[in-house]
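Worksheet: one structure, shown below.
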Amino acid sequence: MYAEERQQAIAGLVAQRGRVAVTAVAERFGVTTETVRRDLAVLERSGMLRRVHGGAVPAGSLTVLEPGLGERRSTRTEQKRRIASAALAFVPEADGSLILDGGSTTAALAEVLPAGRRLLAVTNSVPISHRLSAAPGISLHVLGGRVRGITQTAVGESTVAALADLKADVVFLGANGVTGAHGFTTPDETEAASKRAMVKAAQRVVVLADSSKLGREHLVRFAAVDDVDVLVTDDEADPDVVSEIESHGIEVLTA
């Protein structure tokens with residue numbers, strides 16, 4: 001295979017998987033890691049990808065842009081439904097407490113919470129609070145703050161301060177990016193601050209992220225790998241990325 005052909009194939013892998021590791025690419029194409037690094041450098045200069053520690057991600061992965069909640073609700077809906085169903089295994093028993101972060105996948109979980117089970121639910125999400133306000137058995141606590149229109153979640157100092165006084169059994173978080181090297185990320189600083197406070201406010205941390213988020217890195221990290229107990233994703237996740245995340249001691253459940 002000529003270098004140009006290999007480079008095009010590598011670019012295709014990055015676009016398909018969201019992240020590739022240098023070692024995995026070297027093994028796949030039967031070349032040295034030094035050759036792969038040179039290929040990645042060529043592709044980065046042409047704007048086709050961005051190099052990160054140990055590999056590469058799509059050129060647009062490290063960005064402050066984020067899709068609105070309405071757009072996210074209409075994408076990968078089947079995967080999010082399966083993730084939500086699998087995440088039910090981590091919902092506390094009766095009289096337990098949980099925190100639900102804003103997002104389309106956590107909203108999918110809110111839709112399938114066990115009917116009639118007595119639970120204290122805390123959320124900063126306007127759509128989730130609306131869904132749970134009339135749910136039987138749910139005692140709802142809504143976090144205040146400035147509502148970001150793009151995510152429809154409350155953020156800011158008052159949101160973080162309210163979370164500092166709480167300790168729940170489990171928190172279910174969404175994420176825009178997940179990698180073993182950089183952890184769990186989101187494009188916005190205020191969203192990251194609220195998520196960070198949620199991590200501190202729970203005894204168990206569960207992240208719900210469909211496979212398109214794996215291998216991607218965004219501007220602000222809200223949780224290191226060691227901060228998260230469980231990642232629930234779908235069965236389209238790249239096995240190499242899953243293995244990398246699992247190597248840090250996180251339980252990964254694919255739905």
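To be explicit about the labels: the chains of the structure tokens are called A, B, and onward in the order shown, and within each one the residues are counted from 1, while ligands get numbers from 1 in the order they are shown.
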
What are the nearest atom pairs, with distances in Å to one decimal, for all residues of segment 57-145 of chain A that come at most 8 Å from segment 171-186 of chain A, using only C-alpha atoms, set out by chain and rising residue number as CSV?
```
residue,atom,partner,partner_atom,distance
A:Leu98,CA,A:Val171,CA,5.5
A:Ile99,CA,A:Val171,CA,4.5
A:Leu100,CA,A:Phe172,CA,5.1
A:Asp101,CA,A:Leu173,CA,5.0
A:Gly102,CA,A:Gly174,CA,7.0
A:Gly103,CA,A:Gly174,CA,6.0
A:Thr105,CA,A:Gly174,CA,6.8
A:Thr106,CA,A:Gly174,CA,6.5
```

Output of the above residues as a short mmCIF file (atom, residue, chain, number, x, y, z; two decimals), in the first residue's frame, restricted to N, CA and C atoms:
```cif
data_model
loop_
_atom_site.label_atom_id
_atom_site.label_comp_id
_atom_site.auth_asym_id
_atom_site.auth_seq_id
_atom_site.Cartn_x
_atom_site.Cartn_y
_atom_site.Cartn_z
N LEU A 98 -31.04 9.92 43.70
CA LEU A 98 -30.24 10.00 42.49
C LEU A 98 -30.22 11.42 41.98
N ILE A 99 -29.14 11.76 41.27
CA ILE A 99 -29.01 13.04 40.58
C ILE A 99 -29.00 12.75 39.09
N LEU A 100 -29.79 13.51 38.35
CA LEU A 100 -29.84 13.36 36.90
C LEU A 100 -29.34 14.64 36.25
N ASP A 101 -28.23 14.53 35.58
CA ASP A 101 -27.66 15.62 34.79
C ASP A 101 -28.56 15.88 33.58
N GLY A 102 -28.44 17.07 33.01
CA GLY A 102 -29.17 17.35 31.79
C GLY A 102 -28.59 16.62 30.60
N GLY A 103 -29.40 16.43 29.56
CA GLY A 103 -28.92 15.77 28.34
C GLY A 103 -29.94 14.81 27.79
N THR A 105 -29.52 11.65 26.76
CA THR A 105 -29.42 10.26 27.22
C THR A 105 -29.92 10.13 28.66
N THR A 106 -29.60 11.11 29.51
CA THR A 106 -30.16 11.09 30.87
C THR A 106 -31.67 11.31 30.83
#
```

(request) Could you jot down the atom CA of Leu253 of chain A to atom CA of Val232 of chain A separation for me, Å, one decimal place? (result)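 Value for the atom CA of Leu253 of chain A-atom CA of Val232 of chain A distance: 4.8 Å.
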
Using only C-alpha atoms, find each residue of segment 222-246 of chain A with at least one atom at most 9 Å away from an atom of segment 14-25 of chain A; report its shortest atom-to-atom pair and that distance in Å (one decimal), sort the rows by chain and rising residue number, and return the result as a tab-separated table.
```
residue	atom	partner	partner_atom	distance
A:Ala237	CA	A:Arg17	CA	8.1
A:Asp238	CA	A:Arg17	CA	6.3
A:Asp240	CA	A:Ala24	CA	7.8
A:Val241	CA	A:Arg19	CA	7.6
```

(request) Please indicate the distance in Å from atom CA of Ser194 of chain A to atom CA of Val155 of chain A, rounded to one decimal place. (result)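 So the answer is 6.1 Å.
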
(message) Which of segment 32-176 of chain A end up as helix (DSSP H, G or I) when DSSP is run on this backbone - answer as a PyMOL selection string?
(response) chain A and resi 33-45+69-73+77-90+104-111+126-132+157-164

(message) Based on the backbone DSSP call, show me all residues of segment 40-145 of chain A assigned strand (DSSP E), as a list in words.
(response)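 Checking each residue of segment 40-145 of chain A, the strand (DSSP E) ones are Leu49, Arg50, Arg51, Val52, Gly55, Ala56, Val57, Pro58, Gly96, Ser97, Leu98, Ile99, Leu100, Leu119, Leu120, Ala121, Val122, Thr123, Ile138, Ser139, Leu140, His141 and Val142 of chain A.
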
(message) Can you tell me which residues surround Val36 of chain A at a distance of at most 9 Å, considering only C-alpha atoms, apart from same-chain residues fewer than 3 positions away, and format the answer as a count of residues only?
(response) 12

(request) Might you pull out every residue within 9 Å of Val126 of chain A, with only C-alpha atoms counted and same-chain residues fewer than 2 positions away left off, and present them as a list in words? (result)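 Skipping anything fewer than 2 positions along the chain leaves Gly102, Thr123, Asn124, Ile128, Ser129, His130, Arg131, Val142, Val147, Gln152, Thr153 and Ala154 of chain A.
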
(message) When you look at Val91 of chain A with a cut-off of 10 Å (counting only C-alpha atoms), what residues show up, excluding the ones that are within fewer than 6 positions of it in the same chain? I need them as JSON, numbers by chain.
(response) {"A": [97, 98, 109, 113, 114, 119, 169, 170, 171, 172, 206]}

Emit the selected residues as a tab-separated table (two decimals), in the first residue's frame, including all heavy atoms.
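Done, and the output landed in part-v3.tsv:
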```tsv
chain	number	residue	atom	x	y	z
A	97	SER	N	-31.70	7.80	46.51
A	97	SER	CA	-31.62	9.13	45.91
A	97	SER	C	-30.71	9.10	44.69
A	97	SER	O	-29.73	8.36	44.64
A	97	SER	CB	-31.10	10.15	46.93
A	97	SER	OG	-29.85	9.74	47.45
A	98	LEU	N	-31.04	9.92	43.70
A	98	LEU	CA	-30.24	10.00	42.49
A	98	LEU	C	-30.22	11.42	41.98
A	98	LEU	O	-31.15	12.20	42.21
A	98	LEU	CB	-30.74	9.05	41.41
A	98	LEU	CG	-32.10	9.34	40.77
A	98	LEU	CD1	-32.15	8.78	39.36
A	98	LEU	CD2	-33.24	8.75	41.60
A	109	LEU	N	-33.24	8.06	30.33
A	109	LEU	CA	-33.33	7.31	31.59
A	109	LEU	C	-34.50	7.78	32.42
A	109	LEU	O	-35.23	6.96	33.00
A	109	LEU	CB	-32.02	7.46	32.37
A	109	LEU	CG	-32.01	6.84	33.78
A	109	LEU	CD1	-32.28	5.34	33.73
A	109	LEU	CD2	-30.68	7.12	34.47
A	113	LEU	N	-37.61	5.35	34.35
A	113	LEU	CA	-37.45	5.06	35.78
A	113	LEU	C	-38.61	4.20	36.28
A	113	LEU	O	-39.75	4.39	35.84
A	113	LEU	CB	-37.38	6.37	36.58
A	113	LEU	CG	-36.08	7.17	36.48
A	113	LEU	CD1	-36.21	8.48	37.26
A	113	LEU	CD2	-34.90	6.37	37.00
A	114	PRO	N	-38.35	3.28	37.18
A	114	PRO	CA	-39.41	2.36	37.63
A	114	PRO	C	-40.61	3.11	38.21
A	114	PRO	O	-40.46	3.96	39.10
A	114	PRO	CB	-38.69	1.54	38.73
A	114	PRO	CG	-37.25	1.65	38.40
A	114	PRO	CD	-37.05	3.00	37.81
A	119	LEU	N	-38.34	7.37	45.23
A	119	LEU	CA	-36.99	7.87	44.98
A	119	LEU	C	-36.96	9.38	45.14
A	119	LEU	O	-37.93	10.08	44.79
A	119	LEU	CB	-36.54	7.52	43.56
A	119	LEU	CG	-36.30	6.05	43.22
A	119	LEU	CD1	-36.12	5.89	41.71
A	119	LEU	CD2	-35.08	5.51	43.96
A	169	ASP	N	-27.14	8.83	46.42
A	169	ASP	CA	-26.62	7.47	46.20
A	169	ASP	C	-25.86	7.37	44.88
A	169	ASP	O	-24.80	6.74	44.81
A	169	ASP	CB	-27.78	6.47	46.20
A	169	ASP	CG	-28.43	6.33	47.56
A	169	ASP	OD1	-27.70	6.22	48.55
A	169	ASP	OD2	-29.67	6.34	47.63
A	170	VAL	N	-26.40	7.99	43.83
A	170	VAL	CA	-25.79	7.84	42.51
A	170	VAL	C	-26.11	9.07	41.67
A	170	VAL	O	-27.16	9.69	41.82
A	170	VAL	CB	-26.30	6.56	41.81
A	170	VAL	CG1	-27.80	6.59	41.61
A	170	VAL	CG2	-25.59	6.34	40.47
A	171	VAL	N	-25.18	9.44	40.80
A	171	VAL	CA	-25.42	10.48	39.81
A	171	VAL	C	-25.29	9.86	38.42
A	171	VAL	O	-24.40	9.04	38.17
A	171	VAL	CB	-24.46	11.67	39.96
A	171	VAL	CG1	-23.00	11.25	39.79
A	171	VAL	CG2	-24.80	12.78	38.95
A	172	PHE	N	-26.20	10.25	37.53
A	172	PHE	CA	-26.15	9.85	36.13
A	172	PHE	C	-25.80	11.09	35.31
A	172	PHE	O	-26.56	12.06	35.28
A	172	PHE	CB	-27.49	9.27	35.67
A	172	PHE	CG	-27.86	7.98	36.35
A	172	PHE	CD1	-28.68	7.99	37.46
A	172	PHE	CD2	-27.37	6.77	35.90
A	172	PHE	CE1	-29.02	6.80	38.10
A	172	PHE	CE2	-27.70	5.58	36.52
A	172	PHE	CZ	-28.53	5.60	37.63
A	206	VAL	N	-22.08	7.42	37.48
A	206	VAL	CA	-22.36	6.64	36.28
A	206	VAL	C	-22.51	7.62	35.11
A	206	VAL	O	-23.32	8.54	35.16
A	206	VAL	CB	-23.66	5.82	36.42
A	206	VAL	CG1	-23.92	5.02	35.14
A	206	VAL	CG2	-23.57	4.88	37.62
```

(request) Please provide the set of residues having any atom within 7 Å of segment 196-204 of chain A, restricted to only C-alpha atoms, with same-chain residues fewer than 3 positions apart removed, written as a list in words. (result)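 Near segment 196-204 of chain A, the qualifying residues are Val160, Leu163, Ala164, Leu166, Lys167, Ala168, Asp169, Val170, Val171, Ala192, Ala193, Phe222, Ala223 and Asp229 of chain A.
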
If you keep C-alpha atoms, can you produce a file of those selected residues as an mmCIF file, in the first residue's frame?
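Saved result, selection.cif, follows:
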```
data_model
loop_
_atom_site.group_PDB
_atom_site.id
_atom_site.type_symbol
_atom_site.label_atom_id
_atom_site.label_comp_id
_atom_site.auth_asym_id
_atom_site.auth_seq_id
_atom_site.Cartn_x
_atom_site.Cartn_y
_atom_site.Cartn_z
ATOM 1 C CA VAL A 160 -22.909 24.523 42.252
ATOM 2 C CA LEU A 163 -25.029 20.658 45.057
ATOM 3 C CA ALA A 164 -22.324 21.224 47.688
ATOM 4 C CA LEU A 166 -26.143 17.256 48.862
ATOM 5 C CA LYS A 167 -25.010 13.633 48.955
ATOM 6 C CA ALA A 168 -26.960 11.219 46.755
ATOM 7 C CA ASP A 169 -26.621 7.475 46.202
ATOM 8 C CA VAL A 170 -25.790 7.844 42.511
ATOM 9 C CA VAL A 171 -25.425 10.479 39.807
ATOM 10 C CA ALA A 192 -18.461 21.449 33.464
ATOM 11 C CA ALA A 193 -18.672 23.197 36.846
ATOM 12 C CA PHE A 222 -15.361 17.757 34.350
ATOM 13 C CA ALA A 223 -14.230 14.350 35.619
ATOM 14 C CA ASP A 229 -17.311 4.225 38.494
#
```

(message) With distances taken over only C-alpha atoms, which residue among A:Leu214, A:Ile150, A:Ala108, A:Val225 lies nearest Pro239 of chain A?
(response) A:Leu214

(request) Select, from A:Asp210, A:Glu236, A:Glu157, A:Glu93, the residue with the minimum atom-to-atom distance to Gly145 of chain A, counting only C-alpha atoms. (result)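 Smallest separation from Gly145 of chain A among the options: A:Glu157.
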
(request) In Å, rounded to a single decimal, give me how far atom CA of Arg117 of chain A is from atom CA of Asp95 of chain A. (result) 7.8 Å
